[in-house]
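Novice: Sharing model02.cif, mmCIF, C-alpha atoms:
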data_work
loop_
_atom_site.label_atom_id
_atom_site.label_comp_id
_atom_site.auth_asym_id
_atom_site.auth_seq_id
_atom_site.Cartn_x
_atom_site.Cartn_y
_atom_site.Cartn_z
CA ALA N 21 98.91 112.02 83.06
CA ASP N 22 97.62 110.33 86.20
CA GLY N 23 100.40 109.58 88.66
CA TYR N 24 102.74 112.30 87.37
CA GLU N 25 103.20 116.01 88.00
CA PHE N 26 105.49 118.94 87.16
CA ALA N 27 108.31 119.72 89.59
CA GLU N 28 111.16 122.21 89.53
CA ALA N 29 114.59 120.60 89.69
CA GLU N 30 116.83 122.03 92.41
CA GLU N 31 120.03 121.67 90.38
CA ASP N 32 119.07 123.73 87.34
CA GLY N 33 115.67 125.26 88.03
CA LEU N 34 114.08 123.54 85.04
CA TRP N 35 110.62 122.01 85.31
CA LYS N 36 110.41 118.26 84.79
CA ILE N 37 107.69 115.61 84.77
CA VAL N 38 108.07 113.36 87.81
CA LYS N 39 105.99 110.69 89.51
CA SER N 40 103.47 112.15 91.92
CA PRO N 41 104.09 111.34 95.59
CA VAL N 42 101.75 108.71 97.03
CA ALA N 43 102.24 109.37 100.73
CA GLU N 44 103.31 112.13 103.06
CA ILE N 45 104.26 112.42 106.70
CA VAL N 46 101.93 115.16 107.92
CA GLY N 47 104.01 118.24 108.60
CA GLY N 48 106.98 116.71 106.80
CA ASP N 49 108.08 115.28 103.46
CA LYS N 50 106.22 113.52 100.66
CA TYR N 51 107.33 110.13 99.29
CA ALA N 52 107.13 108.19 96.04
CA THR N 53 106.29 104.94 97.85
CA LEU N 54 104.54 104.04 101.09
CA GLY N 55 107.57 101.98 102.09
CA GLU N 56 109.78 105.07 101.99
CA ALA N 57 107.35 106.96 104.21
CA ILE N 58 107.28 104.10 106.72
CA ALA N 59 111.08 103.90 106.75
CA ALA N 60 111.28 107.63 107.52
CA LEU N 61 109.10 107.44 110.66
CA THR N 62 110.65 108.47 113.96
CA GLY N 63 107.56 107.69 116.06
CA GLY N 64 104.17 109.27 116.65
CA GLU N 65 103.64 110.75 113.18
CA THR N 66 100.72 110.41 110.79
CA ILE N 67 101.27 109.09 107.28
CA LYS N 68 98.63 110.26 104.83
CA LEU N 69 97.94 108.38 101.60
CA LEU N 70 97.61 110.76 98.64
CA ALA N 71 96.27 108.39 95.97
CA ASN N 72 95.12 104.84 95.38
CA TYR N 73 98.25 102.73 95.71
CA THR N 74 99.37 99.13 95.20
CA ALA N 75 102.28 98.13 97.43
CA ALA N 76 104.75 95.64 95.94
CA LYS N 77 108.18 94.50 97.03
CA ASP N 78 110.01 95.87 93.98
CA ALA N 79 108.91 99.38 94.96
CA ASP N 80 108.34 99.23 98.71
CA VAL N 81 110.85 96.60 99.90
CA SER N 82 109.03 96.35 103.21
CA LEU N 83 105.83 97.42 104.93
CA ALA N 84 107.08 96.15 108.29
CA ILE N 85 106.12 99.06 110.56
CA ALA N 86 108.66 99.58 113.34
CA LYS N 87 107.50 102.93 114.78
CA ASP N 88 104.24 104.07 116.38
CA CYS N 89 102.11 105.91 113.84
CA THR N 90 98.70 106.56 112.33
CA ILE N 91 98.17 105.68 108.68
CA ASP N 92 95.34 107.81 107.29
CA LEU N 93 94.13 106.35 104.01
CA GLY N 94 91.76 109.25 103.36
CA SER N 95 89.33 108.26 100.61
CA TYR N 96 91.86 105.96 98.92
CA THR N 97 92.53 102.22 98.66
CA LEU N 98 95.84 100.67 99.67
CA THR N 99 96.20 97.33 97.87
CA ILE N 100 98.73 94.91 99.35
CA GLY N 101 100.29 92.76 96.62
CA ASN N 102 100.82 89.04 97.05
CA ASP N 103 104.58 89.45 97.33
CA LEU N 104 104.12 91.47 100.54
CA LEU N 105 101.86 88.83 102.10
CA GLY N 106 104.61 86.35 102.98
CA LYS N 107 105.96 85.29 106.37
CA TYR N 108 107.90 87.79 108.44
CA THR N 109 111.57 86.81 108.55
CA ASP N 110 114.08 89.63 108.27
CA LYS N 111 111.69 92.59 107.86
CA ASP N 112 111.76 92.32 104.08
CA TYR N 113 108.80 91.85 101.79
CA VAL N 114 106.05 91.72 104.40
CA PHE N 115 103.06 93.64 105.72
CA ALA N 116 103.53 93.66 109.49
CA VAL N 117 103.30 95.66 112.72
CA LEU N 118 106.33 94.76 114.82
CA GLU N 119 106.64 94.04 118.54
CA GLY N 120 106.11 96.98 120.87
CA VAL N 121 104.66 99.15 118.06
CA GLU N 122 101.14 100.63 117.94
CA VAL N 123 99.62 101.51 114.57
CA THR N 124 96.19 102.96 113.82
CA PHE N 125 94.72 102.49 110.34
CA THR N 126 91.96 105.01 109.70
CA ASN N 127 89.64 105.96 106.80
CA GLY N 128 89.86 104.45 103.32
CA THR N 129 90.36 100.76 102.51
CA ILE N 130 93.12 98.18 102.79
CA ALA N 131 92.64 95.44 100.18
CA GLN N 132 94.77 92.32 100.58
CA SER N 133 95.30 90.41 97.34
CA ASP N 134 94.38 86.82 96.63
CA GLY N 135 97.23 84.31 96.75
CA GLY N 136 99.27 85.58 99.69
CA ASN N 137 99.85 83.01 102.43
CA TYR N 138 99.65 85.48 105.32
CA GLY N 139 97.56 88.45 106.34
CA LEU N 140 98.67 91.55 108.20
CA GLN N 141 101.14 90.06 110.68
CA VAL N 142 100.55 91.47 114.13
CA TYR N 143 103.35 91.42 116.72
CA GLY N 144 102.42 94.72 118.35
CA THR N 145 99.09 96.59 118.57
CA VAL N 146 96.82 97.38 115.62
CA ASN N 147 93.83 99.73 115.87
CA VAL N 148 91.37 99.42 112.99
CA GLU N 149 89.15 102.35 111.98
CA CYS N 150 89.04 101.63 108.24
CA ALA N 151 87.69 99.10 105.77
CA MET N 152 89.78 95.94 105.24
CA SER N 153 89.16 93.11 102.79
CA LYS N 154 90.82 89.80 101.98
CA VAL N 155 90.10 87.95 98.75
CA GLY N 156 90.79 84.22 98.49
CA ALA N 157 90.99 81.47 101.08
CA ALA N 158 94.77 81.19 101.47
CA ALA N 159 95.14 83.63 104.35
CA PRO N 160 93.17 85.66 106.89
CA VAL N 161 92.96 89.42 107.32
CA PHE N 162 95.11 89.24 110.48
CA ASP N 163 97.81 86.75 111.47
CA ILE N 164 98.31 87.35 115.20
CA TYR N 165 101.64 85.94 116.28
CA GLY N 166 101.43 86.61 119.98
CA GLY N 167 104.19 85.97 122.48
CA CYS N 168 104.54 89.73 122.85
CA ASP N 169 101.01 90.80 123.85
CA ALA N 170 99.97 91.13 120.21
CA THR N 171 96.60 92.88 120.08
CA VAL N 172 94.01 93.92 117.49
CA ASN N 173 91.43 96.56 118.47
CA VAL N 174 88.44 96.85 116.12
CA LEU N 175 86.81 100.25 116.59
CA ASP N 176 83.99 102.36 115.14
CA GLY N 177 84.56 102.90 111.44
CA ALA N 178 85.95 99.43 110.83
CA ASP N 179 84.39 97.34 108.05
CA ILE N 180 86.26 94.04 107.73
CA THR N 181 85.40 91.32 105.21
CA SER N 182 87.19 88.09 104.36
CA GLU N 183 86.68 85.05 102.16
CA ALA N 184 88.78 83.14 104.71
CA ASP N 185 89.35 83.65 108.44
CA VAL N 186 89.40 87.15 109.87
CA PHE N 187 91.62 86.56 112.92
CA ARG N 188 94.11 83.67 112.91
CA HIS N 189 96.44 82.73 115.75
CA LYS N 190 99.64 81.38 114.25
CA LYS N 191 102.24 80.87 116.96
CA PRO N 192 102.43 78.13 119.61
CA ALA N 193 102.64 78.90 123.32
CA SER N 194 101.71 82.54 122.92
CA LYS N 195 98.86 84.94 123.57
CA ALA N 196 96.71 86.65 120.96
CA SER N 197 94.20 89.34 121.96
CA VAL N 198 91.28 90.82 120.04
CA TYR N 199 89.00 93.58 121.34
CA VAL N 200 85.94 94.59 119.32
CA SER N 201 83.93 97.64 120.37
CA GLY N 202 82.44 98.71 117.03
CA GLY N 203 82.39 98.29 113.28
CA THR N 204 81.34 95.31 111.16
CA ILE N 205 83.19 92.02 110.74
CA GLU N 206 82.12 89.51 108.10
CA THR N 207 83.45 86.23 106.79
CA THR N 208 82.00 84.62 103.68
CA GLY N 209 84.28 81.58 103.88
CA THR N 210 83.06 78.00 103.99
CA GLY N 211 84.53 74.83 105.46
CA ASN N 212 86.69 75.52 108.51
CA TYR N 213 86.94 79.26 107.92
CA GLY N 214 85.43 81.64 110.44
CA ILE N 215 85.85 84.92 112.23
CA PHE N 216 88.21 83.43 114.82
CA ASN N 217 90.57 80.55 114.07
CA ALA N 218 93.16 79.19 116.47
CA SER N 219 93.00 75.63 115.19
CA SER N 220 96.73 75.40 114.45
CA TYR N 221 97.93 76.75 117.80
CA PRO N 222 95.10 76.91 120.33
CA GLY N 223 96.02 79.07 123.29
CA THR N 224 94.27 79.05 126.64
CA ASP N 225 95.57 82.58 127.31
CA ASP N 226 94.06 84.05 124.16
CA VAL N 227 91.57 86.85 124.72
CA ALA N 228 88.60 87.99 122.65
CA VAL N 229 86.47 90.67 124.30
CA ILE N 230 83.50 91.79 122.20
CA THR N 231 81.51 94.71 123.57
CA GLY N 232 79.99 95.98 120.35
CA GLY N 233 79.99 95.75 116.59
CA THR N 234 78.12 93.60 114.10
CA PHE N 235 79.25 90.11 113.10
CA LEU N 236 78.20 88.32 109.91
CA GLY N 237 79.34 84.79 109.21
CA ARG N 238 80.69 81.82 111.11
CA PHE N 239 82.15 81.84 114.60
CA GLU N 240 84.22 78.74 113.79
CA GLN N 241 87.09 77.61 116.02
CA THR N 242 86.17 79.94 118.87
CA GLU N 243 86.40 77.11 121.38
CA LYS N 244 90.14 76.96 120.67
CA TRP N 245 90.71 80.69 121.02
CA GLY N 246 90.75 80.56 124.81
CA GLY N 247 88.89 83.18 126.82
CA MET N 248 86.04 84.84 124.95
CA THR N 249 83.59 87.39 126.31
CA LEU N 250 80.54 88.45 124.29
CA LEU N 251 78.83 91.60 125.56
CA GLY N 252 76.39 93.54 123.44
CA ALA N 253 77.52 92.39 119.99
CA ASP N 254 75.12 91.67 117.14
CA ALA N 255 75.73 88.34 115.43
CA ALA N 256 73.93 87.05 112.35
#
For the file at hand, write its structure as C-alpha coordinates.
Specialist:
Amino acid sequence: ADGYEFAEAEEDGLWKIVKSPVAEIVGGDKYATLGEAIAALTGGETIKLLANYTAAKDADVSLAIAKDCTIDLGSYTLTIGNDLLGKYTDKDYVFAVLEGVEVTFTNGTIAQSDGGNYGLQVYGTVNVECAMSKVGAAAPVFDIYGGCDATVNVLDGADITSEADVFRHKKPASKASVYVSGGTIETTGTGNYGIFNASSYPGTDDVAVITGGTFLGRFEQTEKWGGMTLLGADAA
(Lines of atoms letter the chains of each structure in order from A and count residues from 1; the text may use other names and numbers.)
(Lines give C-alpha, C1' and ligand atoms only; values in the text may rest on other atoms or scores of the structure.)
Protein backbone atom coordinates (compact mmCIF):
# COMPACT_ATOMS: atom_id res chain seq x y z
CA ALA A 1 0.00 0.00 0.00
CA ASP A 2 1.10 3.58 -0.55
CA GLY A 3 3.05 4.95 2.39
CA TYR A 4 4.21 1.54 3.64
CA GLU A 5 7.07 -0.82 2.86
CA PHE A 6 8.68 -4.07 4.02
CA ALA A 7 11.57 -3.82 6.49
CA GLU A 8 13.62 -6.41 8.34
CA ALA A 9 13.41 -6.09 12.12
CA GLU A 10 16.80 -5.96 13.83
CA GLU A 11 15.66 -7.88 16.90
CA ASP A 12 14.42 -11.06 15.22
CA GLY A 13 15.23 -10.77 11.53
CA LEU A 14 11.59 -11.05 10.52
CA TRP A 15 10.17 -8.85 7.77
CA LYS A 16 7.42 -6.45 8.81
CA ILE A 17 5.23 -3.84 7.13
CA VAL A 18 6.23 -0.38 8.33
CA LYS A 19 5.48 3.19 7.31
CA SER A 20 7.72 4.40 4.52
CA PRO A 21 10.14 7.18 5.48
CA VAL A 22 9.15 10.62 4.19
CA ALA A 23 12.48 12.41 4.55
CA GLU A 24 16.16 11.67 4.70
CA ILE A 25 19.29 13.56 5.60
CA VAL A 26 21.47 13.03 2.53
CA GLY A 27 24.29 10.71 3.48
CA GLY A 28 22.56 9.82 6.74
CA ASP A 29 19.34 8.39 8.15
CA LYS A 30 15.76 8.33 6.91
CA TYR A 31 12.84 9.55 9.04
CA ALA A 32 9.12 8.89 9.40
CA THR A 33 8.33 12.61 9.75
CA LEU A 34 9.91 15.81 8.49
CA GLY A 35 9.98 17.11 12.07
CA GLU A 36 12.25 14.24 13.12
CA ALA A 37 14.64 14.99 10.26
CA ILE A 38 14.76 18.67 11.22
CA ALA A 39 15.40 17.80 14.87
CA ALA A 40 18.33 15.59 13.84
CA LEU A 41 20.18 18.35 11.94
CA THR A 42 23.64 19.33 13.15
CA GLY A 43 24.15 22.09 10.56
CA GLY A 44 24.91 22.26 6.87
CA GLU A 45 23.08 19.11 5.76
CA THR A 46 20.48 18.60 3.05
CA ILE A 47 17.10 17.12 3.92
CA LYS A 48 15.44 15.41 0.96
CA LEU A 49 11.69 14.85 0.85
CA LEU A 50 10.84 11.33 -0.34
CA ALA A 51 7.08 11.65 -0.90
CA ASN A 52 4.21 14.11 -0.81
CA TYR A 53 3.77 14.97 2.85
CA THR A 54 1.38 16.90 5.09
CA ALA A 55 3.02 18.27 8.23
CA ALA A 56 0.83 18.41 11.34
CA LYS A 57 1.62 18.99 14.99
CA ASP A 58 0.51 15.54 16.17
CA ALA A 59 3.21 13.97 13.99
CA ASP A 60 5.86 16.66 13.61
CA VAL A 61 5.63 18.63 16.89
CA SER A 62 7.65 21.44 15.35
CA LEU A 63 8.99 22.67 12.04
CA ALA A 64 11.01 25.40 13.74
CA ILE A 65 14.35 25.06 11.93
CA ALA A 66 17.28 25.80 14.22
CA LYS A 67 20.22 24.67 12.06
CA ASP A 68 21.51 25.78 8.66
CA CYS A 69 20.29 23.40 5.96
CA THR A 70 18.88 22.88 2.48
CA ILE A 71 15.46 21.29 2.17
CA ASP A 72 15.17 19.65 -1.25
CA LEU A 73 11.52 18.89 -2.00
CA GLY A 74 12.36 17.05 -5.21
CA SER A 75 9.18 16.63 -7.25
CA TYR A 76 6.97 16.50 -4.16
CA THR A 77 4.58 18.81 -2.29
CA LEU A 78 5.04 19.67 1.38
CA THR A 79 1.68 20.77 2.79
CA ILE A 80 1.80 22.77 6.02
CA GLY A 81 -1.30 22.11 8.12
CA ASN A 82 -3.17 24.89 9.88
CA ASP A 83 -1.97 23.75 13.29
CA LEU A 84 1.63 24.52 12.28
CA LEU A 85 0.75 28.03 11.07
CA GLY A 86 0.43 29.62 14.51
CA LYS A 87 2.61 32.20 16.24
CA TYR A 88 6.12 31.23 17.29
CA THR A 89 6.31 31.00 21.09
CA ASP A 90 8.33 28.13 22.50
CA LYS A 91 9.38 26.41 19.26
CA ASP A 92 6.34 24.13 19.30
CA TYR A 93 3.73 23.79 16.59
CA VAL A 94 5.11 26.32 14.12
CA PHE A 95 6.72 26.62 10.70
CA ALA A 96 9.69 28.92 11.25
CA VAL A 97 13.34 29.65 10.47
CA LEU A 98 14.98 30.82 13.68
CA GLU A 99 17.42 33.66 14.32
CA GLY A 100 20.91 33.21 12.91
CA VAL A 101 19.83 30.25 10.74
CA GLU A 102 19.96 30.08 6.92
CA VAL A 103 17.64 27.68 5.10
CA THR A 104 17.31 27.09 1.36
CA PHE A 105 14.08 25.58 0.03
CA THR A 106 14.61 24.12 -3.43
CA ASN A 107 12.54 22.20 -6.01
CA GLY A 108 8.99 20.96 -5.41
CA THR A 109 6.19 22.93 -3.73
CA ILE A 110 5.35 24.20 -0.26
CA ALA A 111 1.58 24.58 0.12
CA GLN A 112 0.37 26.49 3.19
CA SER A 113 -3.17 25.61 4.22
CA ASP A 114 -6.12 27.96 4.53
CA GLY A 115 -7.02 29.05 8.06
CA GLY A 116 -3.60 29.49 9.64
CA ASN A 117 -2.98 32.93 11.13
CA TYR A 118 0.70 33.10 10.20
CA GLY A 119 2.90 32.21 7.27
CA LEU A 120 6.46 30.91 7.34
CA GLN A 121 7.90 32.90 10.24
CA VAL A 122 11.29 34.30 9.31
CA TYR A 123 13.78 35.25 12.04
CA GLY A 124 16.88 34.20 10.11
CA THR A 125 17.55 33.91 6.36
CA VAL A 126 15.35 32.06 3.87
CA ASN A 127 16.42 31.36 0.28
CA VAL A 128 13.55 30.39 -2.02
CA GLU A 129 14.16 28.25 -5.12
CA CYS A 130 10.84 26.37 -5.10
CA ALA A 131 7.13 26.95 -5.59
CA MET A 132 5.19 28.28 -2.59
CA SER A 133 1.45 28.89 -2.30
CA LYS A 134 -0.89 30.26 0.34
CA VAL A 135 -4.64 29.69 0.19
CA GLY A 136 -7.00 31.99 2.08
CA ALA A 137 -6.69 35.56 3.26
CA ALA A 138 -5.83 34.99 6.92
CA ALA A 139 -2.05 35.01 6.54
CA PRO A 140 0.75 35.75 4.08
CA VAL A 141 3.36 33.41 2.64
CA PHE A 142 6.07 34.99 4.82
CA ASP A 143 5.82 36.68 8.23
CA ILE A 144 9.12 38.52 8.61
CA TYR A 145 9.73 39.32 12.25
CA GLY A 146 12.92 41.31 11.93
CA GLY A 147 14.97 42.62 14.82
CA CYS A 148 17.64 40.09 13.90
CA ASP A 149 18.37 40.94 10.25
CA ALA A 150 15.60 38.63 9.05
CA THR A 151 15.93 38.21 5.30
CA VAL A 152 14.09 36.50 2.43
CA ASN A 153 15.96 35.96 -0.85
CA VAL A 154 13.77 35.04 -3.84
CA LEU A 155 15.92 33.37 -6.49
CA ASP A 156 15.57 31.70 -9.89
CA GLY A 157 13.19 28.76 -9.64
CA ALA A 158 10.85 30.46 -7.20
CA ASP A 159 7.14 30.57 -8.05
CA ILE A 160 5.22 32.21 -5.20
CA THR A 161 1.45 32.74 -5.17
CA SER A 162 -0.84 34.01 -2.43
CA GLU A 163 -4.49 34.89 -1.97
CA ALA A 164 -3.33 37.32 0.72
CA ASP A 165 -0.06 39.23 1.19
CA VAL A 166 3.20 37.65 0.12
CA PHE A 167 5.60 39.44 2.50
CA ARG A 168 4.29 40.80 5.80
CA HIS A 169 6.33 42.68 8.40
CA LYS A 170 4.97 41.80 11.82
CA LYS A 171 7.22 43.21 14.52
CA PRO A 172 7.59 46.83 15.69
CA ALA A 173 10.94 48.62 15.74
CA SER A 174 12.70 46.03 13.63
CA LYS A 175 14.12 45.52 10.17
CA ALA A 176 12.77 43.19 7.50
CA SER A 177 14.71 42.61 4.27
CA VAL A 178 13.59 41.10 0.96
CA TYR A 179 15.84 40.60 -2.06
CA VAL A 180 14.33 39.41 -5.35
CA SER A 181 16.62 38.46 -8.23
CA GLY A 182 14.45 35.95 -10.08
CA GLY A 183 11.32 33.83 -10.10
CA THR A 184 7.66 34.86 -10.16
CA ILE A 185 5.66 36.43 -7.33
CA GLU A 186 1.89 36.80 -7.59
CA THR A 187 -0.87 37.92 -5.27
CA THR A 188 -4.52 37.45 -6.19
CA GLY A 189 -5.80 39.13 -3.03
CA THR A 190 -8.16 42.08 -2.98
CA GLY A 191 -8.72 44.89 -0.49
CA ASN A 192 -5.55 45.78 1.41
CA TYR A 193 -3.64 42.67 0.37
CA GLY A 194 -0.54 43.02 -1.77
CA ILE A 195 2.93 41.72 -2.42
CA PHE A 196 4.44 43.83 0.38
CA ASN A 197 2.55 44.75 3.54
CA ALA A 198 4.05 46.56 6.51
CA SER A 199 0.84 48.31 7.51
CA SER A 200 0.86 46.98 11.08
CA TYR A 201 4.48 47.86 11.86
CA PRO A 202 5.96 50.16 9.21
CA GLY A 203 9.73 50.29 9.44
CA THR A 204 11.92 52.94 7.90
CA ASP A 205 14.87 50.51 7.97
CA ASP A 206 13.08 47.83 5.96
CA VAL A 207 14.75 46.87 2.70
CA ALA A 208 13.30 45.53 -0.54
CA VAL A 209 15.80 45.27 -3.39
CA ILE A 210 14.32 43.93 -6.63
CA THR A 211 16.78 43.28 -9.43
CA GLY A 212 14.81 40.70 -11.39
CA GLY A 213 11.80 38.44 -11.42
CA THR A 214 8.21 38.86 -12.54
CA PHE A 215 5.51 40.39 -10.34
CA LEU A 216 1.78 39.89 -10.82
CA GLY A 217 -0.72 41.63 -8.59
CA ARG A 218 -0.84 44.61 -6.28
CA PHE A 219 2.11 46.46 -4.80
CA GLU A 220 -0.02 47.57 -1.84
CA GLN A 221 1.55 49.04 1.31
CA THR A 222 4.97 49.48 -0.26
CA GLU A 223 5.18 53.07 0.98
CA LYS A 224 5.28 51.69 4.53
CA TRP A 225 7.96 49.11 3.84
CA GLY A 226 10.78 51.64 4.02
CA GLY A 227 13.57 51.58 1.46
CA MET A 228 12.61 49.96 -1.84
CA THR A 229 14.75 49.69 -4.95
CA LEU A 230 13.26 48.46 -8.24
CA LEU A 231 15.85 47.51 -10.87
CA GLY A 232 14.96 45.41 -13.87
CA ALA A 233 11.84 43.69 -12.52
CA ASP A 234 8.75 43.01 -14.63
CA ALA A 235 5.51 44.12 -12.99
CA ALA A 236 2.02 43.53 -14.36
Novice: Pick from N:Ser40, N:Asn127, N:Leu70, N:Ala79: nearest to Glu56 of chain N, with only C-alpha atoms counted?
Specialist: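 Closest to Glu56 of chain N of all the choices is N:Ala79.
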Novice: So how far away is atom CA of Asp49 of chain N from atom CA of Leu175 of chain N, in Å?
Specialist: 29.2 Å
Novice: Tell me which protein, DNA and RNA residues are within 7 Å of segment 137-150 of chain N, counting all atoms listed in the file, leaving out same-chain ones fewer than 3 positions away, and put them as a PDB file with C-alpha atoms, keeping the file's coordinate frame.
Specialist:
ATOM      1  CA  LEU N 105     101.860  88.830 102.100  1.00  0.00           C
ATOM      2  CA  GLY N 106     104.610  86.350 102.980  1.00  0.00           C
ATOM      3  CA  LYS N 107     105.960  85.290 106.370  1.00  0.00           C
ATOM      4  CA  PHE N 115     103.060  93.640 105.720  1.00  0.00           C
ATOM      5  CA  ALA N 116     103.530  93.660 109.490  1.00  0.00           C
ATOM      6  CA  VAL N 117     103.300  95.660 112.720  1.00  0.00           C
ATOM      7  CA  LEU N 118     106.330  94.760 114.820  1.00  0.00           C
ATOM      8  CA  GLU N 119     106.640  94.040 118.540  1.00  0.00           C
ATOM      9  CA  GLY N 120     106.110  96.980 120.870  1.00  0.00           C
ATOM     10  CA  VAL N 121     104.660  99.150 118.060  1.00  0.00           C
ATOM     11  CA  GLU N 122     101.140 100.630 117.940  1.00  0.00           C
ATOM     12  CA  VAL N 123      99.620 101.510 114.570  1.00  0.00           C
ATOM     13  CA  THR N 124      96.190 102.960 113.820  1.00  0.00           C
ATOM     14  CA  PHE N 125      94.720 102.490 110.340  1.00  0.00           C
ATOM     15  CA  THR N 126      91.960 105.010 109.700  1.00  0.00           C
ATOM     16  CA  ASN N 127      89.640 105.960 106.800  1.00  0.00           C
ATOM     17  CA  GLY N 128      89.860 104.450 103.320  1.00  0.00           C
ATOM     18  CA  THR N 129      90.360 100.760 102.510  1.00  0.00           C
ATOM     19  CA  ALA N 158      94.770  81.190 101.470  1.00  0.00           C
ATOM     20  CA  ALA N 159      95.140  83.630 104.350  1.00  0.00           C
ATOM     21  CA  PRO N 160      93.170  85.660 106.890  1.00  0.00           C
ATOM     22  CA  VAL N 161      92.960  89.420 107.320  1.00  0.00           C
ATOM     23  CA  PHE N 162      95.110  89.240 110.480  1.00  0.00           C
ATOM     24  CA  ASP N 163      97.810  86.750 111.470  1.00  0.00           C
ATOM     25  CA  ILE N 164      98.310  87.350 115.200  1.00  0.00           C
ATOM     26  CA  TYR N 165     101.640  85.940 116.280  1.00  0.00           C
ATOM     27  CA  GLY N 166     101.430  86.610 119.980  1.00  0.00           C
ATOM     28  CA  CYS N 168     104.540  89.730 122.850  1.00  0.00           C
ATOM     29  CA  ASP N 169     101.010  90.800 123.850  1.00  0.00           C
ATOM     30  CA  ALA N 170      99.970  91.130 120.210  1.00  0.00           C
ATOM     31  CA  THR N 171      96.600  92.880 120.080  1.00  0.00           C
ATOM     32  CA  VAL N 172      94.010  93.920 117.490  1.00  0.00           C
ATOM     33  CA  ASN N 173      91.430  96.560 118.470  1.00  0.00           C
ATOM     34  CA  VAL N 174      88.440  96.850 116.120  1.00  0.00           C
ATOM     35  CA  LEU N 175      86.810 100.250 116.590  1.00  0.00           C
ATOM     36  CA  ASP N 176      83.990 102.360 115.140  1.00  0.00           C
ATOM     37  CA  GLY N 177      84.560 102.900 111.440  1.00  0.00           C
ATOM     38  CA  ALA N 178      85.950  99.430 110.830  1.00  0.00           C
ATOM     39  CA  ASP N 179      84.390  97.340 108.050  1.00  0.00           C
TER      40      ASP N 179
END
Novice: Which is closest to Val186 of chain N among N:Gly156, N:Gly232, N:Gly237, N:Gly214, if we use all atoms listed in the file?
Specialist: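 Of N:Gly156, N:Gly232, N:Gly237, N:Gly214, the one nearest Val186 of chain N is N:Gly214, counting all atoms listed in the file.
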Novice: Given the choices N:Leu69, N:Val229, N:Val198, N:Ala59, which gets closest to Leu83 of chain N if the distance is worked out from all atoms listed in the file?
Specialist: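 Answer, going by the shortest atom-to-atom distance: N:Ala59.
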Novice: Just the number, please: distance in Å from atom CA of Ser197 of chain N to atom CA of Val227 of chain N, one decimal.
Specialist: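 Atom-to-atom, atom CA of Ser197 of chain N to atom CA of Val227 of chain N, that is 4.6 Å.
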Novice: Work out how far atom CA of Ser82 of chain N is from atom CA of Val114 of chain N, in Å to one decimal.
Specialist: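 These atoms are spaced 5.6 Å apart.
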Novice: If the PyMOL selection byres ((chain N and resi 236) around 8) is run on the structure shown, which residues does it catch, given as a list in words?
Specialist: Thr204, Ile205, Glu206, Thr207, Thr234, Phe235, Gly237, Arg238, Ala255 and Ala256 of chain N
Novice: Just say which residues the PyMOL selection byres ((chain N and resi 52) around 7) picks in this file, as a list in words.
Specialist: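 Selection result, ordered by chain and number: Ser40, Pro41, Val42, Ala43, Tyr51 and Thr53 of chain N.
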Novice: For the residues in the current selection, export C-alpha atoms as a PDB file, in the coordinates of the input.
Specialist:
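Saved as out-v4.pdb:
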ATOM      1  CA  SER N  40     103.470 112.150  91.920  1.00  0.00           C
ATOM      2  CA  PRO N  41     104.090 111.340  95.590  1.00  0.00           C
ATOM      3  CA  VAL N  42     101.750 108.710  97.030  1.00  0.00           C
ATOM      4  CA  ALA N  43     102.240 109.370 100.730  1.00  0.00           C
ATOM      5  CA  TYR N  51     107.330 110.130  99.290  1.00  0.00           C
ATOM      6  CA  THR N  53     106.290 104.940  97.850  1.00  0.00           C
TER       7      THR N  53
END
Novice: Kindly assemble as JSON lines a list of the segment 31-98 of chain N residues that lie within 10 Å of segment 151-154 of chain N, each paired with its nearest atom pair and their distance in Å to one decimal, using all atoms listed in the file, sorted first by chain and then by ascending residue number.
Specialist:
{"residue": "N:Leu93", "atom": "CA", "partner": "N:Ala151", "partner_atom": "CA", "distance": 9.9}
{"residue": "N:Thr97", "atom": "CA", "partner": "N:Ala151", "partner_atom": "CA", "distance": 9.1}
{"residue": "N:Leu98", "atom": "CA", "partner": "N:Met152", "partner_atom": "CA", "distance": 9.5}
Novice: Taking all listed atoms of segment 89-107 of chain N, build the axis-aligned box, pad each of the six sides by 4 Å, then write its centre and edge lengths in Å to one decimal as JSON.
Specialist:
{"center_x": 97.6, "center_y": 97.3, "center_z": 105.2, "size_x": 24.6, "size_y": 32.0, "size_z": 25.2}
Novice: Starting from the shown file, work through the PyMOL selection byres ((chain N and resi 101) around 7) and note down what comes out as number ranges by chain.
Specialist: N: 74-76, 99-100, 102-105, 132-133
Novice: Is there a way to get, as a tab-separated table (two decimals) with C-alpha atoms, in the coordinates of the input, all residues within 8 Å of the point (107.7, 106.0, 108.6) in file coordinates, counting all atoms listed in the file?
Specialist:
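Result went into part36.tsv, see below:
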chain	number	residue	atom	x	y	z
N	45	ILE	CA	104.26	112.42	106.70
N	55	GLY	CA	107.57	101.98	102.09
N	56	GLU	CA	109.78	105.07	101.99
N	57	ALA	CA	107.35	106.96	104.21
N	58	ILE	CA	107.28	104.10	106.72
N	59	ALA	CA	111.08	103.90	106.75
N	60	ALA	CA	111.28	107.63	107.52
N	61	LEU	CA	109.10	107.44	110.66
N	62	THR	CA	110.65	108.47	113.96
N	63	GLY	CA	107.56	107.69	116.06
N	65	GLU	CA	103.64	110.75	113.18
N	67	ILE	CA	101.27	109.09	107.28
N	85	ILE	CA	106.12	99.06	110.56
N	87	LYS	CA	107.50	102.93	114.78
N	89	CYS	CA	102.11	105.91	113.84
Novice: Skip Val155 of chain N itself and residues of its chain fewer than 6 positions away, then list as a ChimeraX atom specification all residues within 9 Å of it, counting only C-alpha atoms.
Specialist: /N:131-135,181-184
